[in-house]
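Structure file work-v4.txt with compact mmCIF, N, CA and C atoms:
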# COMPACT_ATOMS: atom_id res chain seq x y z
N MET H 1 0.84 -1.18 0.00
CA MET H 1 0.00 0.00 0.00
C MET H 1 0.89 1.24 0.00
N LYS H 2 0.45 2.26 -0.73
CA LYS H 2 1.19 3.52 -0.83
C LYS H 2 0.30 4.67 -0.40
N ILE H 3 0.93 5.80 -0.13
CA ILE H 3 0.18 7.00 0.26
C ILE H 3 -0.87 7.35 -0.80
N GLU H 4 -0.54 7.21 -2.07
CA GLU H 4 -1.50 7.58 -3.12
C GLU H 4 -2.78 6.75 -3.07
N ASP H 5 -2.72 5.59 -2.42
CA ASP H 5 -3.91 4.76 -2.26
C ASP H 5 -4.83 5.29 -1.16
N LEU H 6 -4.31 6.15 -0.29
CA LEU H 6 -5.05 6.62 0.88
C LEU H 6 -5.38 8.10 0.84
N MET H 7 -4.60 8.87 0.12
CA MET H 7 -4.68 10.34 0.19
C MET H 7 -5.96 10.90 -0.43
N THR H 8 -6.29 12.10 -0.02
CA THR H 8 -7.35 12.87 -0.63
C THR H 8 -6.72 13.65 -1.78
N ARG H 9 -7.29 13.50 -2.96
CA ARG H 9 -6.72 14.16 -4.15
C ARG H 9 -7.33 15.54 -4.40
N GLN H 10 -8.58 15.70 -4.07
CA GLN H 10 -9.26 16.99 -4.26
C GLN H 10 -9.03 17.82 -3.00
N VAL H 11 -8.07 18.75 -3.08
CA VAL H 11 -7.65 19.50 -1.90
C VAL H 11 -7.99 20.98 -2.08
N VAL H 12 -8.57 21.57 -1.05
CA VAL H 12 -8.80 23.01 -1.03
C VAL H 12 -7.48 23.67 -0.68
N THR H 13 -7.04 24.61 -1.51
CA THR H 13 -5.78 25.31 -1.28
C THR H 13 -6.02 26.81 -1.27
N ILE H 14 -4.98 27.54 -0.91
CA ILE H 14 -5.03 29.00 -0.93
C ILE H 14 -3.67 29.51 -1.41
N ALA H 15 -3.69 30.64 -2.09
CA ALA H 15 -2.46 31.26 -2.58
C ALA H 15 -1.85 32.13 -1.47
N PRO H 16 -0.52 32.29 -1.47
CA PRO H 16 0.13 33.07 -0.40
C PRO H 16 -0.31 34.53 -0.33
N GLU H 17 -0.76 35.10 -1.45
CA GLU H 17 -1.16 36.50 -1.44
C GLU H 17 -2.60 36.71 -0.98
N GLU H 18 -3.36 35.64 -0.82
CA GLU H 18 -4.74 35.76 -0.33
C GLU H 18 -4.74 36.13 1.15
N SER H 19 -5.86 36.64 1.63
CA SER H 19 -5.93 37.14 3.01
C SER H 19 -6.17 36.03 4.03
N ALA H 20 -5.75 36.34 5.25
CA ALA H 20 -6.02 35.44 6.38
C ALA H 20 -7.53 35.31 6.58
N ALA H 21 -8.28 36.37 6.29
CA ALA H 21 -9.75 36.31 6.42
C ALA H 21 -10.33 35.28 5.46
N LEU H 22 -9.84 35.26 4.22
CA LEU H 22 -10.31 34.25 3.26
C LEU H 22 -9.92 32.86 3.74
N ALA H 23 -8.71 32.70 4.25
CA ALA H 23 -8.29 31.39 4.77
C ALA H 23 -9.23 30.93 5.88
N ALA H 24 -9.59 31.84 6.78
CA ALA H 24 -10.51 31.48 7.87
C ALA H 24 -11.86 31.05 7.33
N ARG H 25 -12.36 31.77 6.31
CA ARG H 25 -13.65 31.40 5.72
C ARG H 25 -13.58 30.03 5.05
N LEU H 26 -12.49 29.75 4.36
CA LEU H 26 -12.34 28.44 3.71
C LEU H 26 -12.25 27.33 4.75
N LEU H 27 -11.48 27.56 5.81
CA LEU H 27 -11.37 26.56 6.88
C LEU H 27 -12.74 26.26 7.48
N SER H 28 -13.52 27.31 7.70
CA SER H 28 -14.86 27.15 8.26
C SER H 28 -15.81 26.46 7.28
N ARG H 29 -15.84 26.96 6.05
CA ARG H 29 -16.78 26.43 5.04
C ARG H 29 -16.57 24.95 4.79
N TYR H 30 -15.31 24.52 4.72
CA TYR H 30 -15.02 23.13 4.39
C TYR H 30 -14.69 22.28 5.62
N ASN H 31 -14.84 22.86 6.82
CA ASN H 31 -14.59 22.15 8.07
C ASN H 31 -13.19 21.53 8.08
N LEU H 32 -12.19 22.37 7.82
CA LEU H 32 -10.80 21.92 7.75
C LEU H 32 -10.00 22.50 8.91
N GLY H 33 -8.89 21.86 9.21
CA GLY H 33 -7.99 22.38 10.23
C GLY H 33 -6.77 23.06 9.63
N ALA H 34 -6.53 22.81 8.33
CA ALA H 34 -5.35 23.38 7.68
C ALA H 34 -5.59 23.47 6.18
N LEU H 35 -4.94 24.45 5.58
CA LEU H 35 -4.99 24.63 4.13
C LEU H 35 -3.57 24.64 3.58
N PRO H 36 -3.30 23.85 2.54
CA PRO H 36 -2.01 23.99 1.87
C PRO H 36 -1.97 25.34 1.16
N VAL H 37 -0.82 25.99 1.23
CA VAL H 37 -0.61 27.26 0.56
C VAL H 37 0.23 26.96 -0.68
N CYS H 38 -0.35 27.22 -1.84
CA CYS H 38 0.32 26.88 -3.10
C CYS H 38 0.43 28.09 -4.00
N ALA H 39 1.57 28.16 -4.70
CA ALA H 39 1.77 29.19 -5.71
C ALA H 39 0.94 28.83 -6.93
N GLY H 40 0.88 29.73 -7.89
CA GLY H 40 0.11 29.51 -9.10
C GLY H 40 0.52 28.29 -9.89
N ASP H 41 1.78 27.87 -9.74
CA ASP H 41 2.27 26.69 -10.45
C ASP H 41 2.01 25.38 -9.70
N GLY H 42 1.28 25.46 -8.56
CA GLY H 42 0.96 24.27 -7.79
C GLY H 42 2.03 23.86 -6.79
N ARG H 43 3.11 24.63 -6.71
CA ARG H 43 4.17 24.31 -5.75
C ARG H 43 3.74 24.66 -4.33
N LEU H 44 3.99 23.73 -3.43
CA LEU H 44 3.65 23.93 -2.03
C LEU H 44 4.59 24.96 -1.41
N ARG H 45 4.01 25.97 -0.78
CA ARG H 45 4.80 27.02 -0.11
C ARG H 45 4.75 26.87 1.41
N GLY H 46 3.67 26.26 1.90
CA GLY H 46 3.50 26.11 3.34
C GLY H 46 2.10 25.62 3.65
N MET H 47 1.75 25.70 4.92
CA MET H 47 0.40 25.34 5.38
C MET H 47 -0.06 26.46 6.30
N VAL H 48 -1.35 26.75 6.26
CA VAL H 48 -1.92 27.71 7.19
C VAL H 48 -3.03 27.01 7.97
N THR H 49 -2.99 27.17 9.26
CA THR H 49 -3.96 26.53 10.15
C THR H 49 -4.78 27.59 10.87
N ASP H 50 -5.86 27.14 11.48
CA ASP H 50 -6.65 28.05 12.30
C ASP H 50 -5.78 28.62 13.42
N ARG H 51 -4.88 27.81 13.93
CA ARG H 51 -3.95 28.26 14.99
C ARG H 51 -3.02 29.36 14.46
N ASP H 52 -2.51 29.21 13.24
CA ASP H 52 -1.66 30.25 12.65
C ASP H 52 -2.41 31.57 12.57
N ILE H 53 -3.67 31.51 12.15
CA ILE H 53 -4.47 32.73 12.01
C ILE H 53 -4.65 33.41 13.36
N VAL H 54 -4.94 32.61 14.38
CA VAL H 54 -5.16 33.19 15.71
C VAL H 54 -3.86 33.75 16.29
N LEU H 55 -2.79 32.95 16.29
CA LEU H 55 -1.57 33.37 16.96
C LEU H 55 -0.73 34.38 16.18
N ARG H 56 -0.77 34.31 14.86
CA ARG H 56 0.10 35.19 14.07
C ARG H 56 -0.63 36.37 13.43
N CYS H 57 -1.95 36.40 13.55
CA CYS H 57 -2.70 37.50 12.95
C CYS H 57 -3.62 38.15 13.99
N ILE H 58 -4.52 37.39 14.57
CA ILE H 58 -5.51 37.95 15.50
C ILE H 58 -4.85 38.41 16.80
N ALA H 59 -4.03 37.57 17.41
CA ALA H 59 -3.42 37.92 18.70
C ALA H 59 -2.58 39.19 18.63
N PRO H 60 -1.77 39.38 17.58
CA PRO H 60 -1.02 40.64 17.50
C PRO H 60 -1.84 41.82 16.96
N ALA H 61 -3.14 41.63 16.83
CA ALA H 61 -4.08 42.68 16.41
C ALA H 61 -3.86 43.13 14.96
N SER H 62 -3.44 42.21 14.10
CA SER H 62 -3.35 42.51 12.67
C SER H 62 -4.73 42.36 12.06
N ASP H 63 -4.96 43.02 10.96
CA ASP H 63 -6.24 42.96 10.27
C ASP H 63 -6.26 41.73 9.36
N PRO H 64 -7.09 40.73 9.64
CA PRO H 64 -7.13 39.51 8.82
C PRO H 64 -7.46 39.78 7.35
N ALA H 65 -8.21 40.83 7.08
CA ALA H 65 -8.56 41.15 5.69
C ALA H 65 -7.36 41.71 4.92
N ARG H 66 -6.37 42.21 5.64
CA ARG H 66 -5.19 42.81 5.00
C ARG H 66 -3.91 42.01 5.20
N THR H 67 -3.98 40.94 5.95
CA THR H 67 -2.79 40.13 6.23
C THR H 67 -2.71 38.98 5.24
N PRO H 68 -1.67 38.95 4.41
CA PRO H 68 -1.53 37.85 3.45
C PRO H 68 -1.21 36.53 4.17
N VAL H 69 -1.78 35.47 3.66
CA VAL H 69 -1.53 34.14 4.21
C VAL H 69 -0.03 33.84 4.23
N GLY H 70 0.70 34.30 3.21
CA GLY H 70 2.13 34.07 3.15
C GLY H 70 2.89 34.63 4.34
N ASP H 71 2.32 35.63 5.02
CA ASP H 71 2.98 36.22 6.19
C ASP H 71 2.76 35.42 7.46
N ILE H 72 1.73 34.58 7.48
CA ILE H 72 1.40 33.88 8.73
C ILE H 72 1.49 32.36 8.62
N MET H 73 1.70 31.84 7.43
CA MET H 73 1.70 30.39 7.22
C MET H 73 2.93 29.75 7.87
N THR H 74 2.83 28.46 8.07
CA THR H 74 3.94 27.66 8.54
C THR H 74 4.73 27.21 7.32
N ARG H 75 6.01 27.53 7.31
CA ARG H 75 6.88 27.16 6.19
C ARG H 75 7.65 25.89 6.54
N GLY H 76 8.26 25.29 5.56
CA GLY H 76 9.08 24.11 5.81
C GLY H 76 8.29 22.94 6.36
N CYS H 77 7.13 22.71 5.80
CA CYS H 77 6.24 21.65 6.27
C CYS H 77 6.83 20.27 5.99
N LEU H 78 6.52 19.36 6.85
CA LEU H 78 6.82 17.96 6.57
C LEU H 78 5.90 17.51 5.45
N THR H 79 6.41 16.68 4.56
CA THR H 79 5.61 16.16 3.45
C THR H 79 5.92 14.70 3.25
N VAL H 80 5.12 14.06 2.43
CA VAL H 80 5.39 12.70 1.96
C VAL H 80 5.13 12.69 0.46
N GLY H 81 5.64 11.66 -0.19
CA GLY H 81 5.40 11.47 -1.61
C GLY H 81 4.32 10.44 -1.84
N PRO H 82 3.70 10.44 -3.00
CA PRO H 82 2.61 9.50 -3.28
C PRO H 82 3.07 8.04 -3.28
N GLU H 83 4.34 7.79 -3.53
CA GLU H 83 4.86 6.42 -3.56
C GLU H 83 5.32 5.93 -2.19
N ASP H 84 5.35 6.81 -1.20
CA ASP H 84 5.83 6.45 0.13
C ASP H 84 4.86 5.51 0.84
N PRO H 85 5.38 4.70 1.78
CA PRO H 85 4.50 3.82 2.55
C PRO H 85 3.77 4.59 3.64
N PRO H 86 2.60 4.12 4.03
CA PRO H 86 1.84 4.79 5.10
C PRO H 86 2.61 4.90 6.41
N GLU H 87 3.47 3.95 6.68
CA GLU H 87 4.24 3.97 7.92
C GLU H 87 5.12 5.22 8.00
N LEU H 88 5.64 5.65 6.86
CA LEU H 88 6.46 6.86 6.83
C LEU H 88 5.61 8.08 7.20
N ALA H 89 4.41 8.16 6.66
CA ALA H 89 3.50 9.26 6.99
C ALA H 89 3.18 9.27 8.49
N ALA H 90 2.89 8.11 9.05
CA ALA H 90 2.58 8.02 10.48
C ALA H 90 3.76 8.49 11.31
N GLY H 91 4.95 8.10 10.93
CA GLY H 91 6.15 8.53 11.65
C GLY H 91 6.37 10.03 11.57
N ARG H 92 6.17 10.59 10.40
CA ARG H 92 6.35 12.04 10.24
C ARG H 92 5.28 12.81 10.99
N MET H 93 4.05 12.29 10.99
CA MET H 93 2.99 12.96 11.75
C MET H 93 3.35 12.97 13.24
N ALA H 94 3.86 11.85 13.72
CA ALA H 94 4.23 11.76 15.13
C ALA H 94 5.38 12.71 15.45
N SER H 95 6.42 12.70 14.63
CA SER H 95 7.58 13.54 14.93
C SER H 95 7.25 15.03 14.81
N GLY H 96 6.39 15.38 13.87
CA GLY H 96 6.01 16.78 13.69
C GLY H 96 4.80 17.20 14.48
N GLN H 97 4.18 16.26 15.17
CA GLN H 97 2.95 16.50 15.93
C GLN H 97 1.89 17.19 15.08
N VAL H 98 1.62 16.59 13.91
CA VAL H 98 0.60 17.09 12.99
C VAL H 98 -0.38 15.97 12.65
N ARG H 99 -1.56 16.34 12.23
CA ARG H 99 -2.62 15.38 11.91
C ARG H 99 -2.79 15.14 10.42
N ARG H 100 -2.11 15.95 9.62
CA ARG H 100 -2.22 15.78 8.16
C ARG H 100 -0.90 16.21 7.52
N LEU H 101 -0.61 15.60 6.38
CA LEU H 101 0.61 15.91 5.64
C LEU H 101 0.28 16.18 4.19
N PRO H 102 0.89 17.22 3.61
CA PRO H 102 0.77 17.41 2.17
C PRO H 102 1.51 16.29 1.45
N VAL H 103 0.95 15.86 0.34
CA VAL H 103 1.60 14.84 -0.51
C VAL H 103 2.10 15.59 -1.74
N VAL H 104 3.40 15.53 -1.96
CA VAL H 104 3.99 16.29 -3.07
C VAL H 104 4.77 15.38 -4.00
N ARG H 105 4.73 15.76 -5.27
CA ARG H 105 5.54 15.12 -6.30
C ARG H 105 6.28 16.24 -7.01
N GLU H 106 7.60 16.20 -6.97
CA GLU H 106 8.44 17.22 -7.60
C GLU H 106 8.05 18.62 -7.13
N GLY H 107 7.76 18.76 -5.84
CA GLY H 107 7.45 20.05 -5.25
C GLY H 107 6.02 20.51 -5.41
N ARG H 108 5.23 19.79 -6.21
CA ARG H 108 3.84 20.19 -6.45
C ARG H 108 2.88 19.35 -5.61
N LEU H 109 1.89 20.02 -5.06
CA LEU H 109 0.89 19.34 -4.24
C LEU H 109 0.04 18.42 -5.10
N VAL H 110 -0.08 17.16 -4.69
CA VAL H 110 -0.93 16.21 -5.41
C VAL H 110 -2.03 15.63 -4.51
N GLY H 111 -1.95 15.95 -3.21
CA GLY H 111 -2.95 15.44 -2.28
C GLY H 111 -2.59 15.75 -0.85
N VAL H 112 -3.42 15.27 0.07
CA VAL H 112 -3.18 15.38 1.50
C VAL H 112 -3.54 14.05 2.12
N VAL H 113 -2.72 13.60 3.07
CA VAL H 113 -3.04 12.38 3.81
C VAL H 113 -3.20 12.76 5.28
N SER H 114 -4.23 12.21 5.90
CA SER H 114 -4.54 12.55 7.29
C SER H 114 -4.47 11.30 8.18
N LEU H 115 -4.49 11.55 9.48
CA LEU H 115 -4.56 10.43 10.42
C LEU H 115 -5.78 9.57 10.14
N THR H 116 -6.88 10.21 9.79
CA THR H 116 -8.10 9.47 9.48
C THR H 116 -7.88 8.55 8.29
N ASP H 117 -7.19 9.05 7.26
CA ASP H 117 -6.89 8.22 6.09
C ASP H 117 -6.08 6.99 6.50
N LEU H 118 -5.09 7.21 7.36
CA LEU H 118 -4.26 6.10 7.81
C LEU H 118 -5.07 5.11 8.65
N ALA H 119 -5.97 5.62 9.49
CA ALA H 119 -6.80 4.75 10.32
C ALA H 119 -7.72 3.90 9.46
N ARG H 120 -8.24 4.48 8.38
CA ARG H 120 -9.12 3.73 7.48
C ARG H 120 -8.37 2.58 6.80
N ALA H 121 -7.07 2.73 6.63
CA ALA H 121 -6.27 1.68 6.00
C ALA H 121 -6.26 0.43 6.89
N GLY H 122 -6.36 0.65 8.21
CA GLY H 122 -6.51 -0.47 9.13
C GLY H 122 -5.29 -1.35 9.34
N ARG H 123 -4.15 -0.99 8.80
CA ARG H 123 -2.97 -1.84 8.93
C ARG H 123 -1.88 -1.20 9.78
N LEU H 124 -2.16 -0.08 10.39
CA LEU H 124 -1.11 0.66 11.07
C LEU H 124 -1.42 0.90 12.54
N GLU H 125 -2.02 -0.06 13.20
CA GLU H 125 -2.47 0.18 14.56
C GLU H 125 -1.36 0.64 15.50
N ALA H 126 -0.20 -0.01 15.46
CA ALA H 126 0.90 0.37 16.36
C ALA H 126 1.40 1.77 16.03
N GLU H 127 1.58 2.05 14.74
CA GLU H 127 2.07 3.37 14.33
C GLU H 127 1.07 4.46 14.68
N LEU H 128 -0.22 4.20 14.47
CA LEU H 128 -1.24 5.19 14.79
C LEU H 128 -1.33 5.43 16.29
N SER H 129 -1.22 4.39 17.06
CA SER H 129 -1.24 4.56 18.52
C SER H 129 -0.08 5.45 18.97
N GLN H 130 1.10 5.20 18.43
CA GLN H 130 2.27 6.01 18.76
C GLN H 130 2.08 7.46 18.30
N THR H 131 1.56 7.63 17.09
CA THR H 131 1.33 8.97 16.55
C THR H 131 0.35 9.73 17.43
N LEU H 132 -0.76 9.09 17.80
CA LEU H 132 -1.76 9.75 18.64
C LEU H 132 -1.18 10.10 20.01
N ALA H 133 -0.38 9.21 20.56
CA ALA H 133 0.24 9.48 21.86
C ALA H 133 1.17 10.69 21.76
N GLU H 134 1.94 10.78 20.70
CA GLU H 134 2.85 11.90 20.54
C GLU H 134 2.11 13.19 20.22
N LEU H 135 1.00 13.10 19.48
CA LEU H 135 0.20 14.29 19.20
C LEU H 135 -0.42 14.84 20.48
N ALA H 136 -0.87 13.94 21.33
CA ALA H 136 -1.50 14.37 22.57
C ALA H 136 -0.49 15.08 23.45
N GLY H 137 0.75 14.57 23.48
CA GLY H 137 1.81 15.21 24.25
C GLY H 137 1.43 15.34 25.71
N PRO H 138 2.30 15.98 26.46
CA PRO H 138 1.99 16.17 27.88
C PRO H 138 0.89 17.20 28.05
N VAL H 139 0.07 17.00 29.03
CA VAL H 139 -0.99 17.95 29.33
C VAL H 139 -0.37 19.13 30.05
N ARG H 140 -0.58 20.33 29.51
CA ARG H 140 -0.05 21.54 30.14
C ARG H 140 -1.16 22.21 30.92
N ARG H 141 -0.86 22.48 32.15
CA ARG H 141 -1.83 23.15 32.99
C ARG H 141 -1.43 24.62 33.10
N PRO H 142 -2.43 25.51 33.22
CA PRO H 142 -2.08 26.93 33.37
C PRO H 142 -1.39 27.16 34.71
N PRO H 143 -0.57 28.20 34.80
CA PRO H 143 0.09 28.49 36.07
C PRO H 143 -0.95 28.74 37.16
N GLU H 144 -0.56 28.48 38.38
CA GLU H 144 -1.43 28.70 39.52
C GLU H 144 -1.94 30.14 39.52
N GLY H 145 -3.23 30.29 39.63
CA GLY H 145 -3.83 31.63 39.69
C GLY H 145 -4.14 32.24 38.35
N ALA H 146 -3.74 31.58 37.25
CA ALA H 146 -4.03 32.14 35.91
C ALA H 146 -5.49 31.93 35.57
N ARG H 147 -6.09 32.91 34.91
CA ARG H 147 -7.49 32.81 34.51
C ARG H 147 -7.61 33.23 33.06
N GLY H 148 -8.52 32.57 32.35
CA GLY H 148 -8.82 32.98 30.98
C GLY H 148 -9.79 34.15 30.99
N ARG H 149 -9.80 34.89 29.92
CA ARG H 149 -10.74 36.04 29.83
C ARG H 149 -11.59 35.88 28.64

Please rewrite the model in this file as structure tokens.
Amino acid sequence: MKIEDLMTRQVVTIAPEESAALAARLLSRYNLGALPVCAGDGRLRGMVTDRDIVLRCIAPASDPARTPVGDIMTRGCLTVGPEDPPELAAGRMASGQVRRLPVVREGRLVGVVSLTDLARAGRLEAELSQTLAELAGPVRRPPEGARGR
């Protein structure tokens, strides 16, 4: 079995010059946690997540309608190739503490593989258990006396 047998081929993407506001709307509309950021030639430039929007745009009080995705995206993403085995994807997800990986061929996005895709394959129970354990990580508690607002 290869990644191309499991991956989602129809992927919602966004260009680096598009706004963080548009990224947020796409994430909401399609119920996604991350969007691959691709140039016009289909080359992967990074990933933008709901967390990126909050921490790199909203928290510093930047205007989401005027902030380009390219300014807030995560660069240097872990990826896999379509010919790679699912075990490699599970290992990379665990080491990078991510739930989905872009699938690239010669630098161009061809799909996305998620933990759910790997779970559906049904042959990676040990790897998935390890990946989930590493994704969960240690539980961080707020400092004594800290309150949310």

Practice task
Have a look at atom N of Ala20 in chain H and atom N of Arg51 in chain H and let me know their distance in Å, one decimal.
Solution key: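 Distance reported for this atom pair: 12.2 Å.
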
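Remark: for Ala39 in chain H, the closest of the candidate residues H:Ala15, H:Asp84, H:Ala94, H:Val103 is H:Ala15 (distances computed over all atoms listed in the file).
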
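Here atom N of Val12 in chain H and atom C of Leu35 in chain H stand 7.5 Å from one another.
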
Practice task
Pick out the residues sitting within 7 Å of Pro82 in chain H, and hand them over as a ChimeraX atom specification; count only C-alpha atoms, and ignore anything fewer than 2 positions along from it in its own chain.
Solution key: /H:2-4,80,84,103-104

Exercise for the section: Write down as a VMD selection string the residues of chain H whose backbone DSSP state falls under strand (DSSP E or B). Expected result: chain H and resid 8 14 19 34 to 38 43 to 49 68 74 80 100 to 105 108 to 114

Fill in the blank from the handout: Computed gap from CA of Gly81 in chain H to CA of Met7 in chain H is 10.3 Å
